[in-house]
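Below is the file data03.csv, which contains CSV, C-alpha atoms.
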chain,number,residue,atom,x,y,z
A,27,MET,CA,61.3,7.7,-14.1
A,28,ARG,CA,57.9,9.4,-14.1
A,29,PRO,CA,58.3,10.5,-17.7
A,30,ALA,CA,59.1,6.9,-18.7
A,31,SER,CA,56.0,5.7,-17.0
A,32,ALA,CA,53.9,8.4,-18.6
A,33,TRP,CA,55.3,7.5,-22.0
A,34,LEU,CA,54.5,3.8,-21.4
A,35,GLU,CA,51.0,4.5,-20.4
A,36,GLN,CA,50.2,6.8,-23.4
A,37,SER,CA,51.9,4.6,-25.9
A,38,CYS,CA,50.1,1.5,-24.6
A,39,GLU,CA,46.7,3.3,-24.7
A,40,THR,CA,47.4,4.4,-28.3
A,41,TRP,CA,48.1,0.8,-29.3
A,42,GLY,CA,45.1,-0.7,-27.5
A,43,VAL,CA,46.8,-2.4,-24.6
A,44,PRO,CA,44.2,-3.1,-21.8
A,45,THR,CA,44.5,-1.2,-18.5
A,46,PRO,CA,45.4,-4.2,-16.3
A,47,GLU,CA,48.3,-5.0,-18.7
A,48,ILE,CA,49.5,-1.5,-18.8
A,49,LEU,CA,49.7,-1.5,-15.0
A,50,ARG,CA,51.7,-4.8,-15.1
A,51,LEU,CA,54.1,-3.3,-17.6
A,52,ASP,CA,54.4,-0.1,-15.5
A,53,LEU,CA,55.2,-2.1,-12.3
A,54,CYS,CA,57.9,-4.0,-14.2
A,55,LEU,CA,59.3,-0.9,-15.7
A,56,ASN,CA,59.6,0.7,-12.3
A,57,GLU,CA,61.6,-2.3,-11.1
A,58,VAL,CA,63.9,-2.5,-14.1
A,59,LEU,CA,64.8,1.2,-13.9
A,60,ALA,CA,65.3,1.0,-10.2
A,61,ASN,CA,67.8,-1.8,-10.8
A,62,VAL,CA,69.6,0.2,-13.5
A,63,VAL,CA,70.1,3.0,-11.1
A,64,ALA,CA,71.0,0.7,-8.2
A,65,HIS,CA,73.3,-1.7,-10.0
A,66,GLY,CA,74.4,0.0,-13.2
A,67,GLY,CA,77.2,2.2,-11.8
A,68,ASP,CA,78.4,5.3,-13.5
A,69,GLY,CA,78.1,3.7,-16.9
A,70,ALA,CA,74.4,3.4,-16.6
A,71,LEU,CA,73.9,7.0,-15.6
A,72,ARG,CA,76.2,8.5,-18.3
A,73,CYS,CA,74.3,7.0,-21.3
A,74,PRO,CA,70.7,7.5,-22.0
A,75,VAL,CA,68.5,4.5,-21.1
A,76,SER,CA,66.5,3.5,-24.2
A,77,LEU,CA,63.0,2.0,-24.0
A,78,ARG,CA,61.3,0.2,-26.7
A,79,LEU,CA,57.6,-0.9,-26.8
A,80,GLU,CA,56.4,-3.6,-29.1
A,81,VAL,CA,52.7,-4.4,-29.3
A,82,ILE,CA,51.4,-7.3,-31.3
A,83,VAL,CA,47.6,-7.6,-31.7
A,84,ASP,CA,46.4,-10.1,-34.3
A,85,ASP,CA,43.9,-13.0,-34.3
A,86,GLN,CA,46.1,-15.3,-32.3
A,87,THR,CA,48.5,-13.1,-30.3
A,88,HIS,CA,47.9,-10.2,-27.9
A,89,ARG,CA,51.3,-9.3,-26.5
A,90,ALA,CA,53.1,-6.1,-25.4
A,91,SER,CA,56.8,-6.2,-24.7
A,92,VAL,CA,59.1,-3.5,-23.3
A,93,THR,CA,62.8,-3.7,-23.8
A,94,VAL,CA,65.0,-1.5,-21.6
A,95,GLN,CA,68.5,-1.0,-22.8
A,96,ASP,CA,71.2,0.6,-20.6
A,97,GLY,CA,75.0,1.1,-20.7
A,98,GLY,CA,75.6,0.0,-17.2
A,99,THR,CA,77.7,-2.8,-15.7
A,100,ALA,CA,76.6,-6.2,-16.9
A,101,PHE,CA,73.7,-7.2,-14.7
A,102,ASP,CA,71.2,-9.9,-15.5
A,103,ALA,CA,68.3,-9.3,-13.2
A,104,THR,CA,66.7,-12.6,-14.3
A,105,ALA,CA,69.7,-14.7,-13.2
A,106,SER,CA,69.5,-14.0,-9.5
A,107,PRO,CA,68.2,-17.1,-7.6
A,108,GLN,CA,64.9,-16.5,-5.9
A,109,LYS,CA,65.5,-16.1,-2.2
A,110,PRO,CA,63.3,-18.1,0.2
A,111,ARG,CA,60.5,-16.1,1.6
A,112,PRO,CA,61.2,-15.0,5.2
A,113,LEU,CA,58.8,-16.4,7.8
A,114,THR,CA,58.9,-13.6,10.3
A,115,LEU,CA,59.3,-9.8,10.2
A,116,ALA,CA,62.5,-10.1,12.2
A,117,GLU,CA,64.1,-12.2,9.5
A,118,ALA,CA,62.9,-10.1,6.6
A,119,GLU,CA,65.4,-8.2,4.6
A,120,PRO,CA,64.0,-5.4,2.6
A,121,GLY,CA,65.9,-6.2,-0.6
A,122,GLY,CA,65.4,-8.6,-3.5
A,123,LEU,CA,61.8,-7.8,-4.1
A,124,GLY,CA,62.2,-6.2,-7.5
A,125,LEU,CA,62.9,-9.5,-9.2
A,126,LEU,CA,60.1,-11.2,-7.3
A,127,MET,CA,57.7,-8.5,-8.6
A,128,MET,CA,58.9,-8.8,-12.2
A,129,ARG,CA,58.4,-12.5,-12.1
A,130,GLU,CA,55.0,-12.1,-10.6
A,131,TYR,CA,53.7,-9.5,-13.0
A,132,ALA,CA,55.4,-10.2,-16.3
A,133,ASP,CA,54.4,-13.2,-18.4
A,134,GLU,CA,57.8,-13.4,-20.1
A,135,LEU,CA,61.2,-12.1,-18.9
A,136,SER,CA,64.5,-12.3,-20.7
A,137,TYR,CA,67.9,-10.7,-20.7
A,138,ARG,CA,70.8,-10.5,-23.1
A,139,ARG,CA,74.1,-8.6,-23.1
A,140,ASN,CA,74.5,-6.9,-26.4
A,141,ALA,CA,78.0,-5.3,-26.9
A,142,ASP,CA,78.3,-3.1,-23.9
A,143,GLN,CA,74.6,-2.8,-23.3
A,144,ASN,CA,72.2,-4.6,-21.0
A,145,GLU,CA,68.9,-5.5,-22.6
A,146,LEU,CA,66.1,-6.6,-20.5
A,147,THR,CA,62.7,-7.5,-22.1
A,148,PHE,CA,59.5,-8.1,-20.2
A,149,SER,CA,56.2,-9.0,-21.8
A,150,VAL,CA,52.5,-9.3,-20.9
A,151,VAL,CA,50.1,-11.5,-22.8
A,152,TRP,CA,46.4,-11.2,-22.7
A,153,ALA,CA,43.4,-13.0,-24.1
A,154,PRO,CA,41.5,-11.5,-27.0
A,155,ALA,CA,38.2,-9.9,-26.0
A,156,ALA,CA,35.4,-12.4,-26.5
B,4,MET,CA,51.1,15.7,1.1
B,5,PRO,CA,51.7,12.1,0.1
B,6,ILE,CA,52.1,11.1,3.8
B,7,GLU,CA,50.1,12.4,6.7
B,8,SER,CA,49.4,11.2,10.2
B,9,ARG,CA,47.1,11.7,13.1
B,10,GLU,CA,47.1,10.4,16.7
B,11,VAL,CA,44.1,8.2,17.3
B,12,SER,CA,44.7,7.7,20.9
B,13,ASP,CA,47.6,7.4,23.3
B,14,GLY,CA,50.2,5.2,21.6
B,15,LEU,CA,48.0,4.6,18.4
B,16,ARG,CA,48.9,6.5,15.3
B,17,HIS,CA,47.2,6.5,11.9
B,18,ILE,CA,49.5,7.2,8.9
B,19,SER,CA,48.0,7.8,5.5
B,20,ILE,CA,50.0,7.4,2.3
B,21,THR,CA,48.7,8.3,-1.1
B,22,GLY,CA,49.8,8.5,-4.7
B,23,ARG,CA,52.5,6.6,-6.4
B,24,LEU,CA,55.0,4.6,-4.3
B,25,ASP,CA,57.5,4.1,-7.1
B,26,VAL,CA,61.2,5.0,-6.7
B,27,PRO,CA,60.7,8.8,-6.6
B,28,GLY,CA,57.5,8.4,-4.5
B,29,ALA,CA,59.2,6.2,-1.9
B,30,ASP,CA,62.2,8.7,-1.8
B,31,ALA,CA,59.8,11.5,-1.1
B,32,ILE,CA,58.2,10.0,2.0
B,33,ALA,CA,61.1,7.9,3.3
B,34,SER,CA,62.3,10.3,5.9
B,35,LYS,CA,59.0,11.3,7.3
B,36,PHE,CA,57.8,7.7,7.3
B,37,ALA,CA,60.8,6.8,9.4
B,38,THR,CA,60.2,9.6,11.8
B,39,LEU,CA,56.6,8.6,12.2
B,40,SER,CA,57.6,5.0,12.9
B,41,SER,CA,60.0,5.6,15.7
B,42,GLY,CA,59.0,5.6,19.3
B,43,ALA,CA,58.7,3.0,22.0
B,44,ASN,CA,55.6,0.8,22.1
B,45,LEU,CA,54.0,2.6,19.2
B,46,ARG,CA,51.0,1.0,17.4
B,47,VAL,CA,50.6,2.2,13.8
B,48,VAL,CA,47.9,1.7,11.2
B,49,VAL,CA,49.3,2.5,7.8
B,50,ASP,CA,46.5,3.4,5.4
B,51,LEU,CA,47.5,2.4,1.9
B,52,SER,CA,44.0,2.5,0.3
B,53,GLY,CA,44.9,5.7,-1.6
B,54,VAL,CA,48.1,4.3,-3.0
B,55,LEU,CA,47.8,4.2,-6.8
B,56,PHE,CA,51.0,2.2,-7.5
B,57,LEU,CA,53.2,0.1,-5.1
B,58,GLY,CA,56.7,-0.8,-6.3
B,59,SER,CA,59.4,-2.7,-4.4
B,60,SER,CA,60.9,0.5,-3.1
B,61,GLY,CA,57.6,1.3,-1.4
B,62,ILE,CA,57.4,-2.2,0.0
B,63,ARG,CA,60.9,-1.9,1.3
B,64,LEU,CA,60.0,1.1,3.3
B,65,ILE,CA,57.0,-0.7,4.8
B,66,ILE,CA,59.1,-3.6,5.9
B,67,LEU,CA,61.9,-1.5,7.3
B,68,ASN,CA,59.5,0.7,9.3
B,69,ALA,CA,57.5,-2.3,10.5
B,70,LYS,CA,60.7,-3.9,11.8
B,71,THR,CA,61.7,-0.7,13.5
B,72,LEU,CA,58.3,-0.5,15.3
B,73,GLN,CA,58.5,-4.2,16.3
B,74,GLN,CA,62.1,-3.8,17.7
B,75,GLN,CA,60.9,-0.9,19.8
B,76,GLY,CA,58.0,-2.9,21.3
B,77,GLY,CA,55.3,-1.7,18.9
B,78,LYS,CA,53.5,-2.9,15.8
B,79,MET,CA,52.4,-2.0,12.3
B,80,VAL,CA,49.2,-3.0,10.6
B,81,LEU,CA,48.3,-2.2,7.0
B,82,LEU,CA,44.9,-0.9,5.9
B,83,VAL,CA,44.0,-1.5,2.3
B,84,GLY,CA,40.3,-0.7,2.1
B,85,ASP,CA,39.0,-1.9,-1.2
B,86,ASN,CA,42.2,-1.3,-3.1
B,87,GLU,CA,42.5,-4.7,-4.6
B,88,ALA,CA,45.6,-3.9,-6.7
B,89,ILE,CA,47.6,-2.9,-3.7
B,90,ALA,CA,46.4,-6.0,-1.7
B,91,ARG,CA,47.4,-8.2,-4.6
B,92,THR,CA,51.0,-6.7,-4.7
B,93,LEU,CA,51.3,-7.2,-0.9
B,94,GLN,CA,50.2,-10.8,-1.2
B,95,ALA,CA,52.5,-11.5,-4.2
B,96,THR,CA,55.5,-10.2,-2.3
B,97,GLY,CA,54.7,-12.1,0.9
B,98,VAL,CA,54.2,-9.0,2.9
B,99,ASP,CA,50.9,-10.4,4.2
B,100,SER,CA,52.8,-13.0,6.1
B,101,LEU,CA,55.0,-10.4,7.8
B,102,VAL,CA,52.6,-7.6,8.6
B,103,PRO,CA,48.8,-7.9,9.2
B,104,ILE,CA,46.7,-6.5,6.3
B,105,LEU,CA,43.1,-5.5,6.8
B,106,ALA,CA,40.4,-4.0,4.7
B,107,ASP,CA,38.4,-2.4,7.5
B,108,SER,CA,39.5,0.6,9.5
B,109,ALA,CA,38.1,-0.4,12.8
B,110,ALA,CA,39.5,-3.9,12.5
B,111,ALA,CA,42.9,-2.5,11.6
B,112,GLU,CA,42.9,-0.4,14.8
B,113,ALA,CA,41.9,-3.4,16.9
B,114,ALA,CA,44.6,-5.5,15.3
B,115,ALA,CA,47.2,-2.8,15.9
B,116,LEU,CA,46.3,-2.7,19.6
B,117,ALA,CA,46.1,-6.5,20.0
Step by step, read the file and then write its structure as structure tokens.
Amino acid sequence: MRPASAWLEQSCETWGVPTPEILRLDLCLNEVLANVVAHGGDGALRCPVSLRLEVIVDDQTHRASVTVQDGGTAFDATASPQKPRPLTLAEAEPGGLGLLMMREYADELSYRRNADQNELTFSVVWAPAA
Amino acid sequence: MPIESREVSDGLRHISITGRLDVPGADAIASKFATLSSGANLRVVVDLSGVLFLGSSGIRLIILNAKTLQQQGGKMVLLVGDNEAIARTLQATGVDSLVPILADSAAAEAAALA
């Protein structure tokens, strides 16, 4: 997972993605990969996980998107209902935070099942420098 | 070491965690964090000000160990210093309503003993 994060950081810097946006993408990537490992089963671990970064910077749009493709069991991380926040420590369950973090840090989040692959895409959008 | 501890006084422990608390980072400290969080009536300040990255697996460890301490009559408090990125993550995930979060070391120790 650390190599994936290093690749993301270097690639984003090459393409001019600002540091706060790189951090947001890195946080989401960590959560997506954690889910692949936790929910993907043997299928996920047998095939390589592919990562694709797309950066669009023009007059109107500043967006960086990462698509994570894995061969694991069909799992749509975006479809899980958001659990209500626990009120006390005694009630808190330590799970379910990954999706919460993805929704907090990504500006856009989408999933599709493509043949026997999961494809999860998350994007960050930022304002052009004045 | 990404996790270190020192005894401040009887029953008050200071744990410092540094580096990346991503999936491998959380795995690396899980066992020691659990050991340092077990004991009756133990008050613990967990210093996260040196944490560069806090993912859900790190947050999970914090919540689990805070619960363990509480169940044994103790308490956990988080110290974030001026690490705004970590403070933001803790607020976004609602941890701040479960475990006290303070920026100042002396205030954190006082809160742990309260």
Using only C-alpha atoms, which chain B residues lie at most 12 Å away from chain A, written as a CSV table (one decimal) with C-alpha atoms, in the coordinates of the input?
chain,number,residue,atom,x,y,z
B,23,ARG,CA,52.5,6.6,-6.4
B,24,LEU,CA,55.0,4.6,-4.3
B,25,ASP,CA,57.5,4.1,-7.1
B,26,VAL,CA,61.2,5.0,-6.7
B,27,PRO,CA,60.7,8.8,-6.6
B,28,GLY,CA,57.5,8.4,-4.5
B,29,ALA,CA,59.2,6.2,-1.9
B,30,ASP,CA,62.2,8.7,-1.8
B,55,LEU,CA,47.8,4.2,-6.8
B,56,PHE,CA,51.0,2.2,-7.5
B,57,LEU,CA,53.2,0.1,-5.1
B,58,GLY,CA,56.7,-0.8,-6.3
B,59,SER,CA,59.4,-2.7,-4.4
B,60,SER,CA,60.9,0.5,-3.1
B,61,GLY,CA,57.6,1.3,-1.4
B,62,ILE,CA,57.4,-2.2,0.0
B,63,ARG,CA,60.9,-1.9,1.3
B,64,LEU,CA,60.0,1.1,3.3
B,65,ILE,CA,57.0,-0.7,4.8
B,66,ILE,CA,59.1,-3.6,5.9
B,67,LEU,CA,61.9,-1.5,7.3
B,68,ASN,CA,59.5,0.7,9.3
B,69,ALA,CA,57.5,-2.3,10.5
B,70,LYS,CA,60.7,-3.9,11.8
B,71,THR,CA,61.7,-0.7,13.5
B,72,LEU,CA,58.3,-0.5,15.3
B,73,GLN,CA,58.5,-4.2,16.3
B,74,GLN,CA,62.1,-3.8,17.7
B,78,LYS,CA,53.5,-2.9,15.8
B,79,MET,CA,52.4,-2.0,12.3
B,88,ALA,CA,45.6,-3.9,-6.7
B,89,ILE,CA,47.6,-2.9,-3.7
B,91,ARG,CA,47.4,-8.2,-4.6
B,92,THR,CA,51.0,-6.7,-4.7
B,93,LEU,CA,51.3,-7.2,-0.9
B,94,GLN,CA,50.2,-10.8,-1.2
B,95,ALA,CA,52.5,-11.5,-4.2
B,96,THR,CA,55.5,-10.2,-2.3
B,97,GLY,CA,54.7,-12.1,0.9
B,98,VAL,CA,54.2,-9.0,2.9
B,99,ASP,CA,50.9,-10.4,4.2
B,100,SER,CA,52.8,-13.0,6.1
B,101,LEU,CA,55.0,-10.4,7.8
B,102,VAL,CA,52.6,-7.6,8.6
B,103,PRO,CA,48.8,-7.9,9.2
Correct to one decimal, the distance atom CA of Ala155 of chain A-atom CA of Arg78 of chain A is 25.2 Å
Report, in Å to a single decimal, how far apart atom CA of Leu82 of chain B and atom CA of Asp50 of chain B are.
4.6 Å
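Counting all atoms listed in the file, the residue from A:Ile82, A:Ala141, A:Ser136, A:Asn61 that sits nearest to Gly97 of chain A is A:Ala141.
The gap separating atom CA of Ser34 of chain B from atom CA of Leu15 of chain B is 19.8 Å, in Å to one decimal.
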Considering only C-alpha atoms, return as an MDAnalysis selection string whatever protein or nucleic-acid residues lie within 9 Å of Arg138 of chain A, sequence-local ones (same chain, fewer than 6 positions apart) excluded.
chainID A and resid 102 144:147
Please provide the set of residues having any atom within 9 Å of Gly53 of chain B, restricted to all atoms listed in the file, with same-chain residues fewer than 2 positions apart removed, written as a CSV table (one decimal) with C-alpha atoms, in the coordinates of the input.
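result_30.csv was written with the following content:
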chain,number,residue,atom,x,y,z
B,19,SER,CA,48.0,7.8,5.5
B,20,ILE,CA,50.0,7.4,2.3
B,21,THR,CA,48.7,8.3,-1.1
B,22,GLY,CA,49.8,8.5,-4.7
B,50,ASP,CA,46.5,3.4,5.4
B,51,LEU,CA,47.5,2.4,1.9
B,55,LEU,CA,47.8,4.2,-6.8
B,83,VAL,CA,44.0,-1.5,2.3
B,84,GLY,CA,40.3,-0.7,2.1
B,86,ASN,CA,42.2,-1.3,-3.1
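Ranking B:Glu112, B:Ala31, B:Asp85, B:Ala106 by their shortest atom-to-atom distance to Glu10 of chain B, with all atoms listed in the file included, puts B:Glu112 first.
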Output of segment 114-144 of chain A limited to N, CA and C atoms, as a PDB file, in the first residue's frame:
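Wrote decode.pdb, looks like this:
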ATOM      1  N   THR A 114     -22.101   7.729  22.303  1.00  0.00           N
ATOM      2  CA  THR A 114     -21.158   7.507  23.395  1.00  0.00           C
ATOM      3  C   THR A 114     -20.099   6.504  22.970  1.00  0.00           C
ATOM      4  N   LEU A 115     -19.006   6.527  23.697  1.00  0.00           N
ATOM      5  CA  LEU A 115     -17.910   5.611  23.399  1.00  0.00           C
ATOM      6  C   LEU A 115     -18.362   4.163  23.566  1.00  0.00           C
ATOM      7  N   ALA A 116     -19.200   3.925  24.573  1.00  0.00           N
ATOM      8  CA  ALA A 116     -19.649   2.557  24.834  1.00  0.00           C
ATOM      9  C   ALA A 116     -20.410   1.985  23.642  1.00  0.00           C
ATOM     10  N   GLU A 117     -21.144   2.849  22.917  1.00  0.00           N
ATOM     11  CA  GLU A 117     -21.938   2.386  21.774  1.00  0.00           C
ATOM     12  C   GLU A 117     -21.112   2.284  20.503  1.00  0.00           C
ATOM     13  N   ALA A 118     -19.965   2.928  20.479  1.00  0.00           N
ATOM     14  CA  ALA A 118     -19.239   3.059  19.212  1.00  0.00           C
ATOM     15  C   ALA A 118     -18.703   1.723  18.743  1.00  0.00           C
ATOM     16  N   GLU A 119     -18.941   1.452  17.465  1.00  0.00           N
ATOM     17  CA  GLU A 119     -18.312   0.281  16.873  1.00  0.00           C
ATOM     18  C   GLU A 119     -17.173   0.781  16.014  1.00  0.00           C
ATOM     19  N   PRO A 120     -16.061   0.101  16.045  1.00  0.00           N
ATOM     20  CA  PRO A 120     -14.901   0.635  15.331  1.00  0.00           C
ATOM     21  C   PRO A 120     -14.983   0.530  13.804  1.00  0.00           C
ATOM     22  N   GLY A 121     -16.014  -0.050  13.252  1.00  0.00           N
ATOM     23  CA  GLY A 121     -16.057  -0.220  11.794  1.00  0.00           C
ATOM     24  C   GLY A 121     -16.830   0.861  11.077  1.00  0.00           C
ATOM     25  N   GLY A 122     -16.868   0.759   9.759  1.00  0.00           N
ATOM     26  CA  GLY A 122     -17.697   1.638   8.937  1.00  0.00           C
ATOM     27  C   GLY A 122     -17.157   3.028   8.717  1.00  0.00           C
ATOM     28  N   LEU A 123     -15.935   3.263   9.159  1.00  0.00           N
ATOM     29  CA  LEU A 123     -15.405   4.625   9.046  1.00  0.00           C
ATOM     30  C   LEU A 123     -14.807   4.917   7.680  1.00  0.00           C
ATOM     31  N   GLY A 124     -14.407   3.861   6.966  1.00  0.00           N
ATOM     32  CA  GLY A 124     -13.745   4.080   5.680  1.00  0.00           C
ATOM     33  C   GLY A 124     -14.627   4.830   4.719  1.00  0.00           C
ATOM     34  N   LEU A 125     -15.888   4.396   4.613  1.00  0.00           N
ATOM     35  CA  LEU A 125     -16.818   5.056   3.693  1.00  0.00           C
ATOM     36  C   LEU A 125     -17.088   6.485   4.144  1.00  0.00           C
ATOM     37  N   LEU A 126     -17.215   6.659   5.453  1.00  0.00           N
ATOM     38  CA  LEU A 126     -17.433   8.004   5.988  1.00  0.00           C
ATOM     39  C   LEU A 126     -16.301   8.932   5.572  1.00  0.00           C
ATOM     40  N   MET A 127     -15.088   8.432   5.667  1.00  0.00           N
ATOM     41  CA  MET A 127     -13.931   9.246   5.291  1.00  0.00           C
ATOM     42  C   MET A 127     -13.914   9.530   3.796  1.00  0.00           C
ATOM     43  N   MET A 128     -14.262   8.539   2.977  1.00  0.00           N
ATOM     44  CA  MET A 128     -14.278   8.765   1.525  1.00  0.00           C
ATOM     45  C   MET A 128     -15.295   9.835   1.182  1.00  0.00           C
ATOM     46  N   ARG A 129     -16.454   9.769   1.820  1.00  0.00           N
ATOM     47  CA  ARG A 129     -17.487  10.764   1.531  1.00  0.00           C
ATOM     48  C   ARG A 129     -17.081  12.147   2.013  1.00  0.00           C
ATOM     49  N   GLU A 130     -16.302  12.181   3.082  1.00  0.00           N
ATOM     50  CA  GLU A 130     -15.857  13.463   3.627  1.00  0.00           C
ATOM     51  C   GLU A 130     -14.786  14.112   2.759  1.00  0.00           C
ATOM     52  N   TYR A 131     -13.857  13.291   2.268  1.00  0.00           N
ATOM     53  CA  TYR A 131     -12.685  13.859   1.600  1.00  0.00           C
ATOM     54  C   TYR A 131     -12.785  13.918   0.080  1.00  0.00           C
ATOM     55  N   ALA A 132     -13.576  13.045  -0.521  1.00  0.00           N
ATOM     56  CA  ALA A 132     -13.704  13.087  -1.979  1.00  0.00           C
ATOM     57  C   ALA A 132     -14.842  14.018  -2.352  1.00  0.00           C
ATOM     58  N   ASP A 133     -14.671  14.729  -3.463  1.00  0.00           N
ATOM     59  CA  ASP A 133     -15.760  15.572  -3.948  1.00  0.00           C
ATOM     60  C   ASP A 133     -16.739  14.751  -4.782  1.00  0.00           C
ATOM     61  N   GLU A 134     -16.232  13.710  -5.406  1.00  0.00           N
ATOM     62  CA  GLU A 134     -17.100  12.835  -6.196  1.00  0.00           C
ATOM     63  C   GLU A 134     -16.676  11.397  -5.938  1.00  0.00           C
ATOM     64  N   LEU A 135     -17.662  10.508  -5.907  1.00  0.00           N
ATOM     65  CA  LEU A 135     -17.381   9.098  -5.614  1.00  0.00           C
ATOM     66  C   LEU A 135     -18.322   8.262  -6.462  1.00  0.00           C
ATOM     67  N   SER A 136     -17.787   7.303  -7.235  1.00  0.00           N
ATOM     68  CA  SER A 136     -18.703   6.472  -8.019  1.00  0.00           C
ATOM     69  C   SER A 136     -18.142   5.073  -8.164  1.00  0.00           C
ATOM     70  N   TYR A 137     -19.047   4.146  -8.378  1.00  0.00           N
ATOM     71  CA  TYR A 137     -18.672   2.733  -8.488  1.00  0.00           C
ATOM     72  C   TYR A 137     -19.343   2.121  -9.708  1.00  0.00           C
ATOM     73  N   ARG A 138     -18.622   1.239 -10.399  1.00  0.00           N
ATOM     74  CA  ARG A 138     -19.329   0.382 -11.344  1.00  0.00           C
ATOM     75  C   ARG A 138     -18.660  -0.977 -11.374  1.00  0.00           C
ATOM     76  N   ARG A 139     -19.491  -1.986 -11.700  1.00  0.00           N
ATOM     77  CA  ARG A 139     -18.985  -3.336 -11.837  1.00  0.00           C
ATOM     78  C   ARG A 139     -18.760  -3.556 -13.331  1.00  0.00           C
ATOM     79  N   ASN A 140     -17.556  -3.862 -13.730  1.00  0.00           N
ATOM     80  CA  ASN A 140     -17.206  -3.987 -15.138  1.00  0.00           C
ATOM     81  C   ASN A 140     -16.692  -5.388 -15.380  1.00  0.00           C
ATOM     82  N   ALA A 141     -17.466  -6.227 -16.060  1.00  0.00           N
ATOM     83  CA  ALA A 141     -17.158  -7.667 -16.219  1.00  0.00           C
ATOM     84  C   ALA A 141     -16.959  -8.235 -14.820  1.00  0.00           C
ATOM     85  N   ASP A 142     -15.771  -8.757 -14.513  1.00  0.00           N
ATOM     86  CA  ASP A 142     -15.588  -9.309 -13.164  1.00  0.00           C
ATOM     87  C   ASP A 142     -14.685  -8.420 -12.318  1.00  0.00           C
ATOM     88  N   GLN A 143     -14.727  -7.136 -12.607  1.00  0.00           N
ATOM     89  CA  GLN A 143     -13.881  -6.189 -11.867  1.00  0.00           C
ATOM     90  C   GLN A 143     -14.726  -5.154 -11.138  1.00  0.00           C
ATOM     91  N   ASN A 144     -14.265  -4.799  -9.955  1.00  0.00           N
ATOM     92  CA  ASN A 144     -14.829  -3.634  -9.267  1.00  0.00           C
ATOM     93  C   ASN A 144     -14.070  -2.407  -9.741  1.00  0.00           C
TER      94      ASN A 144
END
